[in-house]
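Heads up, protein_29.txt below (compact mmCIF, C-alpha atoms and all ligand atoms):
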# COMPACT_ATOMS: atom_id res chain seq x y z
CA MET V 1 -56.49 105.06 113.89
CA LEU V 2 -56.72 103.55 110.41
CA THR V 3 -59.08 105.31 107.99
CA ILE V 4 -60.52 103.52 104.95
CA TYR V 5 -61.46 105.83 102.09
CA SER V 6 -62.25 105.72 98.37
CA ASP V 7 -62.62 108.51 95.80
CA ALA V 8 -65.43 106.44 94.24
CA HIS V 9 -67.93 108.41 96.31
CA HIS V 10 -67.53 111.29 93.83
CA LEU V 11 -69.46 109.17 91.32
CA HIS V 12 -72.66 109.70 93.30
CA HIS V 13 -74.53 112.95 93.92
CA GLY V 14 -78.19 112.90 93.02
CA CYS V 15 -81.16 115.11 93.66
CA GLU V 16 -83.72 114.73 96.43
CA LEU V 17 -87.33 115.69 96.86
CA LYS V 18 -87.30 117.78 100.06
CA ASP V 19 -90.05 120.07 101.35
CA GLY V 20 -91.85 119.46 98.07
CA VAL V 21 -88.95 120.77 96.01
CA LEU V 22 -86.48 118.85 93.83
CA MET V 23 -82.99 119.96 94.89
CA PRO V 24 -79.36 118.72 94.97
CA CYS V 25 -79.13 116.13 97.75
CA PHE V 26 -77.78 117.40 101.08
CA GLU V 27 -75.73 114.19 101.12
CA GLN V 28 -72.99 115.63 98.89
CA PRO V 29 -69.36 114.74 97.97
CA GLY V 30 -67.91 117.68 99.92
CA ARG V 31 -68.89 115.89 103.14
CA ALA V 32 -66.38 113.06 102.70
CA ASP V 33 -63.73 115.35 101.21
CA THR V 34 -63.91 117.64 104.25
CA ILE V 35 -63.67 114.74 106.68
CA LEU V 36 -60.68 113.26 104.80
CA ALA V 37 -58.90 116.61 104.89
CA ARG V 38 -59.40 116.79 108.66
CA VAL V 39 -58.24 113.19 109.15
CA ARG V 40 -55.00 114.13 107.40
CA ALA V 41 -54.65 117.55 109.10
CA MET V 42 -54.96 115.97 112.56
CA GLY V 43 -52.64 113.07 111.76
CA LEU V 44 -55.31 110.58 112.81
CA GLY V 45 -53.37 107.76 111.18
CA PRO V 46 -52.88 105.94 107.86
CA VAL V 47 -55.49 106.19 105.10
CA ALA V 48 -56.05 102.97 103.14
CA ALA V 49 -58.09 102.09 100.06
CA PRO V 50 -60.84 99.47 100.37
CA GLY V 51 -60.42 95.89 99.31
CA GLU V 52 -62.58 94.24 96.65
CA TYR V 53 -65.49 92.08 97.88
CA ASP V 54 -68.11 89.97 96.16
CA SER V 55 -71.62 91.43 96.32
CA ALA V 56 -72.61 88.20 98.07
CA ARG V 57 -71.17 89.85 101.18
CA TYR V 58 -73.87 92.53 100.95
CA ALA V 59 -76.47 89.80 100.57
CA ARG V 60 -75.56 88.49 104.02
CA VAL V 61 -77.88 91.25 105.35
CA HIS V 62 -79.75 92.34 102.21
CA SER V 63 -81.86 90.14 99.95
CA ALA V 64 -80.17 88.96 96.76
CA ARG V 65 -82.91 90.48 94.62
CA TYR V 66 -82.48 93.87 96.34
CA VAL V 67 -78.71 93.83 95.69
CA ARG V 68 -79.44 92.88 92.06
CA PHE V 69 -81.92 95.77 91.85
CA LEU V 70 -79.32 98.27 93.08
CA GLU V 71 -76.75 96.96 90.61
CA GLN V 72 -79.10 97.04 87.61
CA ALA V 73 -81.45 99.96 88.38
CA TRP V 74 -79.62 102.65 86.44
CA ASP V 75 -79.29 100.52 83.30
CA GLU V 76 -82.99 99.62 83.42
CA TRP V 77 -83.87 103.31 83.90
CA ALA V 78 -81.54 104.50 81.14
CA ALA V 79 -82.92 101.81 78.80
CA THR V 80 -86.24 103.68 78.89
CA GLY V 81 -84.49 106.70 77.36
CA ARG V 82 -84.21 108.74 80.56
CA SER V 83 -80.81 110.24 81.43
CA HIS V 84 -81.78 112.26 84.53
CA ASP V 85 -81.72 110.89 88.08
CA ALA V 86 -84.07 108.00 88.84
CA LEU V 87 -86.42 108.61 91.79
CA PRO V 88 -89.30 106.52 93.22
CA LEU V 89 -92.77 107.89 92.58
CA ILE V 90 -95.09 105.33 94.16
CA TRP V 91 -94.75 103.04 97.20
CA PRO V 92 -96.68 99.88 98.27
CA VAL V 93 -98.21 101.47 101.37
CA ARG V 94 -101.12 100.12 103.50
CA ASP V 95 -103.25 97.66 101.45
CA LEU V 96 -101.32 98.01 98.17
CA ARG V 97 -99.60 94.75 97.16
CA SER V 98 -95.94 94.19 98.02
CA ASP V 99 -95.92 90.43 97.48
CA ILE V 100 -95.21 90.79 93.76
CA GLU V 101 -92.05 92.52 92.54
CA PRO V 102 -92.92 94.84 89.62
CA GLU V 103 -91.10 94.18 86.35
CA PHE V 104 -90.91 97.83 85.23
CA ILE V 105 -88.16 100.00 86.76
CA ASP V 106 -90.58 102.70 87.94
CA GLY V 107 -92.42 100.10 90.00
CA LYS V 108 -89.19 98.56 91.30
CA LEU V 109 -87.93 101.96 92.47
CA GLY V 110 -90.89 102.27 94.84
CA PHE V 111 -90.96 98.58 95.72
CA TYR V 112 -87.38 98.89 97.03
CA ALA V 113 -87.54 102.35 98.64
CA MET V 114 -89.05 103.92 101.75
CA ASP V 115 -88.83 107.53 100.55
CA ALA V 116 -87.73 109.86 97.72
CA GLY V 117 -84.36 110.59 99.33
CA VAL V 118 -82.57 108.01 97.21
CA ALA V 119 -81.80 109.13 93.70
CA ILE V 120 -80.08 106.59 91.49
CA THR V 121 -77.55 107.92 88.97
CA ALA V 122 -75.09 106.37 86.51
CA GLY V 123 -72.39 106.17 89.20
CA THR V 124 -74.52 105.21 92.20
CA TRP V 125 -73.81 101.49 92.19
CA ARG V 126 -70.05 101.98 91.98
CA ALA V 127 -70.16 104.51 94.83
CA VAL V 128 -72.50 102.41 96.96
CA SER V 129 -70.53 99.17 96.57
CA ALA V 130 -67.26 101.01 97.28
CA SER V 131 -68.84 102.46 100.44
CA ALA V 132 -69.84 98.99 101.65
CA ASN V 133 -66.33 97.78 100.83
CA LEU V 134 -64.89 100.47 103.09
CA ALA V 135 -66.86 99.04 106.00
CA LEU V 136 -65.83 95.46 105.13
CA THR V 137 -62.19 96.52 104.91
CA GLY V 138 -62.39 98.27 108.27
CA MET V 139 -63.94 95.20 109.85
CA ASP V 140 -61.23 93.00 108.32
CA ALA V 141 -58.69 95.27 110.04
CA LEU V 142 -60.40 94.68 113.39
CA LEU V 143 -60.54 90.94 112.73
CA ALA V 144 -56.81 91.10 112.01
CA GLY V 145 -56.17 92.69 115.39
CA GLU V 146 -56.56 96.44 114.96
CA SER V 147 -58.22 97.98 118.03
CA SER V 148 -60.17 100.51 115.95
CA ALA V 149 -60.79 101.74 112.40
CA PHE V 150 -62.79 104.44 110.63
CA ALA V 151 -64.72 103.60 107.45
CA LEU V 152 -65.28 107.00 105.81
CA CYS V 153 -68.39 105.76 104.05
CA ARG V 154 -70.33 107.80 101.51
CA PRO V 155 -73.17 107.26 100.70
CA PRO V 156 -74.25 106.37 104.25
CA GLY V 157 -76.25 103.24 105.02
CA HIS V 158 -78.14 103.13 108.31
CA HIS V 159 -81.62 103.66 106.83
CA ALA V 160 -81.22 100.78 104.37
CA ALA V 161 -82.93 97.58 105.46
CA ALA V 162 -82.88 94.09 103.96
CA GLU V 163 -85.02 95.09 100.98
CA TYR V 164 -85.31 98.83 100.89
CA MET V 165 -83.26 102.02 100.50
CA GLY V 166 -84.05 105.42 101.92
CA GLY V 167 -82.74 108.62 103.51
CA TYR V 168 -79.64 108.78 101.27
CA CYS V 169 -78.85 105.11 102.11
CA TYR V 170 -78.63 102.15 99.73
CA LEU V 171 -76.51 99.38 101.29
CA ASN V 172 -76.34 99.22 105.08
CA ASN V 173 -72.56 99.56 105.44
CA ALA V 174 -72.57 99.17 109.22
CA ALA V 175 -74.85 96.11 109.17
CA ILE V 176 -72.71 94.50 106.47
CA ALA V 177 -69.67 95.03 108.72
CA VAL V 178 -71.49 93.65 111.77
CA GLN V 179 -72.39 90.50 109.86
CA SER V 180 -68.84 90.19 108.57
CA CYS V 181 -67.59 90.32 112.16
CA LEU V 182 -69.89 87.45 113.12
CA ASP V 183 -68.93 85.50 109.99
CA GLY V 184 -65.33 86.07 111.07
CA GLY V 185 -65.92 84.30 114.38
CA ALA V 186 -67.40 86.87 116.76
CA ARG V 187 -70.21 85.60 118.96
CA ARG V 188 -71.81 88.95 119.78
CA VAL V 189 -71.53 92.42 118.24
CA ALA V 190 -73.06 95.70 119.43
CA LEU V 191 -74.25 98.21 116.82
CA LEU V 192 -74.59 101.69 118.34
CA ASP V 193 -76.12 104.42 116.18
CA VAL V 194 -75.38 108.01 117.24
CA ASP V 195 -76.71 109.68 114.09
CA TYR V 196 -79.51 112.23 114.62
CA HIS V 197 -81.93 110.00 112.69
CA HIS V 198 -83.08 106.58 113.91
CA GLY V 199 -81.17 103.75 112.28
CA ASN V 200 -84.28 101.95 111.15
CA GLY V 201 -82.28 99.80 108.73
CA GLY V 202 -79.95 98.32 111.33
CA GLN V 203 -82.83 97.85 113.74
CA SER V 204 -84.86 96.03 111.10
CA ILE V 205 -82.01 93.78 109.95
CA PHE V 206 -81.11 92.53 113.43
CA TYR V 207 -84.51 92.89 115.16
CA GLN V 208 -85.08 89.19 115.72
CA ARG V 209 -81.52 88.27 116.66
CA ASP V 210 -79.66 88.07 119.99
CA ASP V 211 -76.15 87.94 118.49
CA VAL V 212 -76.40 91.66 117.67
CA MET V 213 -77.49 94.31 120.16
CA PHE V 214 -78.80 97.39 118.36
CA LEU V 215 -78.92 100.71 120.18
CA SER V 216 -79.83 104.13 118.77
CA LEU V 217 -79.94 107.66 120.16
CA HIS V 218 -81.95 109.92 117.84
CA GLY V 219 -84.55 112.58 117.31
CA ASP V 220 -87.91 111.36 118.63
CA PRO V 221 -89.80 109.94 115.61
CA LYS V 222 -92.91 111.75 116.83
CA SER V 223 -91.25 114.87 115.40
CA SER V 224 -88.18 113.71 113.46
CA TYR V 225 -87.42 111.70 110.33
CA PRO V 226 -87.87 108.76 109.73
CA TYR V 227 -91.11 109.27 111.76
CA PHE V 228 -92.20 105.63 111.54
CA SER V 229 -89.58 103.83 113.65
CA GLY V 230 -87.37 104.53 116.67
CA HIS V 231 -89.87 104.56 119.51
CA ARG V 232 -88.77 103.36 122.94
CA ASP V 233 -91.13 100.36 122.91
CA GLU V 234 -89.35 98.76 119.95
CA ALA V 235 -87.47 96.16 122.02
CA GLY V 236 -86.80 93.39 119.51
CA ALA V 237 -88.80 90.30 118.68
CA GLY V 238 -88.44 86.54 119.09
CA ALA V 239 -84.87 85.66 120.03
CA GLY V 240 -84.08 89.35 119.64
CA LEU V 241 -86.46 90.53 122.37
CA GLY V 242 -84.47 92.72 124.75
CA PHE V 243 -81.60 93.26 122.32
CA ASN V 244 -82.98 96.41 120.66
CA HIS V 245 -82.79 99.71 122.55
CA ASN V 246 -84.06 103.07 121.31
CA TYR V 247 -83.38 106.41 122.99
CA PRO V 248 -85.71 108.93 121.32
CA LEU V 249 -84.80 112.48 122.39
CA PRO V 250 -86.66 115.79 121.87
CA HIS V 251 -85.77 118.67 119.58
CA GLY V 252 -83.20 120.93 121.26
CA THR V 253 -81.39 118.12 123.07
CA GLY V 254 -77.90 119.19 124.14
CA TRP V 255 -74.94 117.38 125.62
CA PRO V 256 -76.24 117.06 129.21
CA ALA V 257 -79.26 114.96 128.18
CA TYR V 258 -77.51 113.36 125.22
CA GLY V 259 -74.50 112.35 127.31
CA GLU V 260 -76.77 110.82 129.95
CA ALA V 261 -78.55 108.70 127.34
CA LEU V 262 -75.21 107.73 125.78
CA ARG V 263 -73.79 106.61 129.10
CA HIS V 264 -76.92 104.53 129.72
CA ALA V 265 -76.61 102.92 126.29
CA CYS V 266 -72.93 102.21 126.91
CA GLY V 267 -73.88 100.53 130.17
CA ARG V 268 -76.10 98.17 128.19
CA VAL V 269 -73.29 97.52 125.72
CA ALA V 270 -70.89 96.70 128.56
CA ALA V 271 -73.38 94.30 130.12
CA TYR V 272 -73.87 92.59 126.74
CA ALA V 273 -70.07 92.03 126.59
CA PRO V 274 -69.75 91.97 122.78
CA ASP V 275 -66.61 90.93 120.95
CA ALA V 276 -66.73 94.20 118.99
CA LEU V 277 -68.59 97.49 118.70
CA VAL V 278 -69.70 99.03 115.41
CA VAL V 279 -70.68 102.71 115.63
CA SER V 280 -72.94 104.33 113.05
CA LEU V 281 -71.28 107.72 113.25
CA GLY V 282 -73.58 110.49 112.18
CA VAL V 283 -72.70 114.00 113.31
CA ASP V 284 -76.00 115.60 112.26
CA THR V 285 -76.57 115.98 116.01
CA PHE V 286 -74.53 119.17 115.61
CA LYS V 287 -76.31 122.39 116.64
CA GLU V 288 -75.82 123.94 113.17
CA ASP V 289 -76.93 120.94 111.15
CA PRO V 290 -79.33 122.20 108.43
CA ILE V 291 -81.75 119.26 108.56
CA SER V 292 -81.63 118.19 112.22
CA GLN V 293 -82.69 119.57 115.60
CA PHE V 294 -80.18 118.69 118.36
CA ARG V 295 -77.76 121.16 119.96
CA LEU V 296 -74.42 119.37 120.27
CA GLU V 297 -71.32 121.60 120.04
CA SER V 298 -68.08 120.56 118.36
CA GLU V 299 -66.41 120.00 121.75
CA ASP V 300 -69.21 117.59 122.71
CA PHE V 301 -68.07 115.21 119.97
CA LEU V 302 -64.77 114.85 121.87
CA ARG V 303 -66.77 113.76 124.90
CA LEU V 304 -68.86 111.41 122.74
CA GLY V 305 -65.70 109.69 121.54
CA GLU V 306 -64.24 109.53 125.05
CA THR V 307 -67.40 107.86 126.31
CA LEU V 308 -67.19 105.20 123.60
CA GLY V 309 -63.48 104.71 124.25
CA GLY V 310 -64.31 103.93 127.87
CA LEU V 311 -65.89 100.66 126.73
CA GLY V 312 -62.45 99.31 125.77
CA LEU V 313 -63.87 97.33 122.83
CA PRO V 314 -62.49 96.77 119.34
CA THR V 315 -64.45 99.48 117.52
CA LEU V 316 -65.31 100.20 113.89
CA PHE V 317 -66.66 103.66 113.16
CA VAL V 318 -68.85 103.80 110.03
CA MET V 319 -69.67 107.30 108.70
CA GLU V 320 -73.37 108.10 108.41
CA GLY V 321 -74.97 111.58 108.32
CA GLY V 322 -73.97 115.17 109.01
CA TYR V 323 -74.70 118.03 106.62
CA MET V 324 -73.03 121.17 107.94
CA VAL V 325 -70.14 120.59 105.57
CA ASP V 326 -67.88 123.34 107.00
CA ASP V 327 -67.87 121.67 110.41
CA ILE V 328 -68.33 118.00 109.56
CA GLY V 329 -64.59 117.32 109.48
CA VAL V 330 -63.97 118.78 112.94
CA ASN V 331 -67.02 117.08 114.41
CA ALA V 332 -66.43 113.62 112.97
CA VAL V 333 -62.71 113.58 113.72
CA ASN V 334 -63.36 114.98 117.22
CA VAL V 335 -65.23 111.75 117.98
CA LEU V 336 -62.25 109.71 116.80
CA MET V 337 -59.74 111.88 118.68
CA GLY V 338 -61.83 111.64 121.84
CA PHE V 339 -62.06 107.88 121.41
CA GLU V 340 -58.27 107.71 121.29
CA GLY V 341 -57.90 109.96 124.33
CA ARG V 342 -56.38 112.75 122.22
CA ALA V 343 -59.06 115.28 123.24
N1 LIG V 401 -84.61 113.35 103.21
C1 LIG V 401 -85.13 113.31 104.53
C2 LIG V 401 -84.08 113.32 105.58
C3 LIG V 401 -83.06 112.23 105.39
C4 LIG V 401 -82.16 112.09 106.60
C5 LIG V 401 -80.87 111.42 106.23
C6 LIG V 401 -79.98 111.17 107.42
O1 LIG V 401 -79.15 111.95 107.80
N2 LIG V 401 -80.14 110.04 108.06
O2 LIG V 401 -79.31 109.71 109.10
ZN ZN V 402 -78.89 111.44 109.95

Structure re-expressed in structure tokens:
Amino acid sequence: MLTIYSDAHHLHHGCELKDGVLMPCFEQPGRADTILARVRAMGLGPVAAPGEYDSARYARVHSARYVRFLEQAWDEWAATGRSHDALPLIWPVRDLRSDIEPEFIDGKLGFYAMDAGVAITAGTWRAVSASANLALTGMDALLAGESSAFALCRPPGHHAAAEYMGGYCYLNNAAIAVQSCLDGGARRVALLDVDYHHGNGGQSIFYQRDDVMFLSLHGDPKSSYPYFSGHRDEAGAGAGLGFNHNYPLPHGTGWPAYGEALRHACGRVAAYAPDALVVSLGVDTFKEDPISQFRLESEDFLRLGETLGGLGLPTLFVMEGGYMVDDIGVNAVNVLMGFEGRA
């Protein structure tokens, strides 16, 4: 399996406000480094650098003004004389106005964010755009005939929606790849999110469309981040009604229940008969993950990959979450090995 990787991710490692404390973000460079080392140790396949793409490709799923915000945010922040990480401090919730984009950077940060898990630093834009380019490069490989590819994206993207960032995510790498697949001639694409946290961004972007089926297995939002999306009754809207499927699962979920939900989701994918499958691959479903509450073991990720391989679809894996750095390489690559039948 081809892996797409860039060292540019080292340019980004901000702080986050977690449990009321400002701390180094759990979404750290060692995550991608550990996965890359495992890719190489297991001989998964060639490792390629990403191609260069115009930011207009990101604007196929994000708004142009949001992409411009991401590109310019650090400079606008630094122009105020601040050299530390930029974080949102106010959000347009409930009856506050969100129809007028603030001019000042502190207002824009909240206008374009859903939470305080998205620090912006001097290198964030370069890291974020490189991460999206990994996904575009992986999708170009599928469009050129590869049966599968792995975009080792960092930062992740599945919480980012058309006009907001959040949960360590800035550009929705997987959604950008899905749209690129359709722009490349596909009629239908399935986006399956196996990260512990609901992929609210991908759901939101494709919610009213029937050319993308979105499916997500995740911690029940009644008790898991992002808390405000991912319920079972979110079925799509308009032309998209019936093409959005959520599988909220309780704290403590292990492989038996997870595998059952995954097989059900795969049955829906098979019935949809897409031209390609994009997988938002988070491995924070691991039993030792420091910020999540499922109980998957490392061997279960082999089974997860095998189950996806059974679909027989051209498949792009896009890296999302997973924060037990010591085990993230084994767990992520186990999915890919299982997919290839090398379990
Ligand atoms: N800062 C709150 C928790 C963010 C979760 C990020 C993640 O792994 N999403 O998939
Ligand atoms: Zn996650």

Which of V:Thr121, V:Ala276, V:Ser148, V:Ala239 sits closest to V:Arg187 [using only C-alpha atoms]: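 Looking only at the distances to V:Arg187, the closest residue turns out to be V:Ala276.
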
Give one line per residue of chain V that approaches ligand ZN 402 (chain V) to at most 10 Å, naming the two atoms of the closest pair and their distance in Å to one decimal, counting only C-alpha atoms and all ligand atoms; sort by chain then ascending residue number and deliver it as JSON lines.
{"residue": "V:Glu27", "atom": "CA", "partner": "V:ZN402", "partner_atom": "ZN", "distance": 9.8}
{"residue": "V:Pro156", "atom": "CA", "partner": "V:ZN402", "partner_atom": "ZN", "distance": 8.9}
{"residue": "V:Gly157", "atom": "CA", "partner": "V:ZN402", "partner_atom": "ZN", "distance": 9.9}
{"residue": "V:His158", "atom": "CA", "partner": "V:ZN402", "partner_atom": "ZN", "distance": 8.5}
{"residue": "V:His159", "atom": "CA", "partner": "V:ZN402", "partner_atom": "ZN", "distance": 8.8}
{"residue": "V:Gly167", "atom": "CA", "partner": "V:ZN402", "partner_atom": "ZN", "distance": 8.0}
{"residue": "V:Tyr168", "atom": "CA", "partner": "V:ZN402", "partner_atom": "ZN", "distance": 9.1}
{"residue": "V:Asp193", "atom": "CA", "partner": "V:ZN402", "partner_atom": "ZN", "distance": 9.8}
{"residue": "V:Val194", "atom": "CA", "partner": "V:ZN402", "partner_atom": "ZN", "distance": 8.8}
{"residue": "V:Asp195", "atom": "CA", "partner": "V:ZN402", "partner_atom": "ZN", "distance": 5.0}
{"residue": "V:Tyr196", "atom": "CA", "partner": "V:ZN402", "partner_atom": "ZN", "distance": 4.8}
{"residue": "V:His197", "atom": "CA", "partner": "V:ZN402", "partner_atom": "ZN", "distance": 4.3}
{"residue": "V:His198", "atom": "CA", "partner": "V:ZN402", "partner_atom": "ZN", "distance": 7.5}
{"residue": "V:Gly199", "atom": "CA", "partner": "V:ZN402", "partner_atom": "ZN", "distance": 8.4}
{"residue": "V:His218", "atom": "CA", "partner": "V:ZN402", "partner_atom": "ZN", "distance": 8.6}
{"residue": "V:Gly219", "atom": "CA", "partner": "V:ZN402", "partner_atom": "ZN", "distance": 9.4}
{"residue": "V:Tyr225", "atom": "CA", "partner": "V:ZN402", "partner_atom": "ZN", "distance": 8.5}
{"residue": "V:Pro226", "atom": "CA", "partner": "V:ZN402", "partner_atom": "ZN", "distance": 9.4}
{"residue": "V:Ser280", "atom": "CA", "partner": "V:ZN402", "partner_atom": "ZN", "distance": 9.8}
{"residue": "V:Leu281", "atom": "CA", "partner": "V:ZN402", "partner_atom": "ZN", "distance": 9.1}
{"residue": "V:Gly282", "atom": "CA", "partner": "V:ZN402", "partner_atom": "ZN", "distance": 5.8}
{"residue": "V:Val283", "atom": "CA", "partner": "V:ZN402", "partner_atom": "ZN", "distance": 7.5}
{"residue": "V:Asp284", "atom": "CA", "partner": "V:ZN402", "partner_atom": "ZN", "distance": 5.6}
{"residue": "V:Thr285", "atom": "CA", "partner": "V:ZN402", "partner_atom": "ZN", "distance": 7.9}
{"residue": "V:Asp289", "atom": "CA", "partner": "V:ZN402", "partner_atom": "ZN", "distance": 9.8}
{"residue": "V:Ile291", "atom": "CA", "partner": "V:ZN402", "partner_atom": "ZN", "distance": 8.4}
{"residue": "V:Ser292", "atom": "CA", "partner": "V:ZN402", "partner_atom": "ZN", "distance": 7.6}
{"residue": "V:Glu320", "atom": "CA", "partner": "V:ZN402", "partner_atom": "ZN", "distance": 6.6}
{"residue": "V:Gly321", "atom": "CA", "partner": "V:ZN402", "partner_atom": "ZN", "distance": 4.2}
{"residue": "V:Gly322", "atom": "CA", "partner": "V:ZN402", "partner_atom": "ZN", "distance": 6.2}
{"residue": "V:Tyr323", "atom": "CA", "partner": "V:ZN402", "partner_atom": "ZN", "distance": 8.5}

Among the residues V:His12, V:Arg126, V:Arg154, V:Arg232, the one that comes closest to ligand LIG 401 (chain V) [using all atoms listed in the file]: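 Closest to ligand LIG 401 (chain V) of all the choices is V:Arg154.
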
Counting only C-alpha atoms and all ligand atoms, the residue of V:Met213, V:Ala127, V:Leu17, V:Leu36 that sits nearest ligand LIG 401 (chain V):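 Looking at the shortest contact to ligand LIG 401 (chain V), the residue is V:Leu17.
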
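Using only C-alpha atoms, the nearest neighbour of V:Met1 within the list V:Ile176, V:Ala160, V:Ile35, V:Ala48 is V:Ala48.
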
Nearest candidate to ligand LIG 401 (chain V) (options V:Gly45, V:Gly123, V:Gly107, V:Gly166; using all atoms listed in the file): V:Gly166

Quick one: axis-aligned box around all listed atoms of stretch 241-255 of chain V, 5 Å on every side, centre and edge lengths in Å to one decimal, written as lines of an AutoDock Vina configuration file.
center_x = -80.8
center_y = 105.7
center_z = 122.6
size_x = 21.7
size_y = 40.4
size_z = 16.0

Top pick for closest residue to ligand LIG 401 (chain V), considering V:Glu260, V:Asp115, V:Asp54, V:Asp211 and counting only C-alpha atoms and all ligand atoms: V:Asp115

Nearby residues (all atoms listed in the file) at most 8 Å from V:Leu304, same-chain spacing under 2 positions excluded, as a list of chain:residue names: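 Listed by chain and then number, they are V:Gly259, V:Leu262, V:Asp300, V:Phe301, V:Leu302, V:Glu306, V:Thr307, V:Leu308, V:Val335, V:Gly338, V:Phe339.
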
Answer as a list in words, residues within 10 Å of (-83.3, 96.3, 120.1) using all atoms listed in the file: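 Checking each residue against the 10 Å limit leaves Leu191, Gly202, Gln203, Ser204, Phe206, Tyr207, Gln208, Arg209, Asp210, Val212, Met213, Phe214, Leu215, Ser216, Gly230, Arg232, Asp233, Glu234, Ala235, Gly236, Ala237, Gly240, Leu241, Gly242, Phe243, Asn244, His245 and Asn246 of chain V.
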
Residues within 10 Å of (-81.5, 106.7, 82.4), file coords, only C-alpha atoms, listed as number ranges by chain: V: 73-86, 120-122
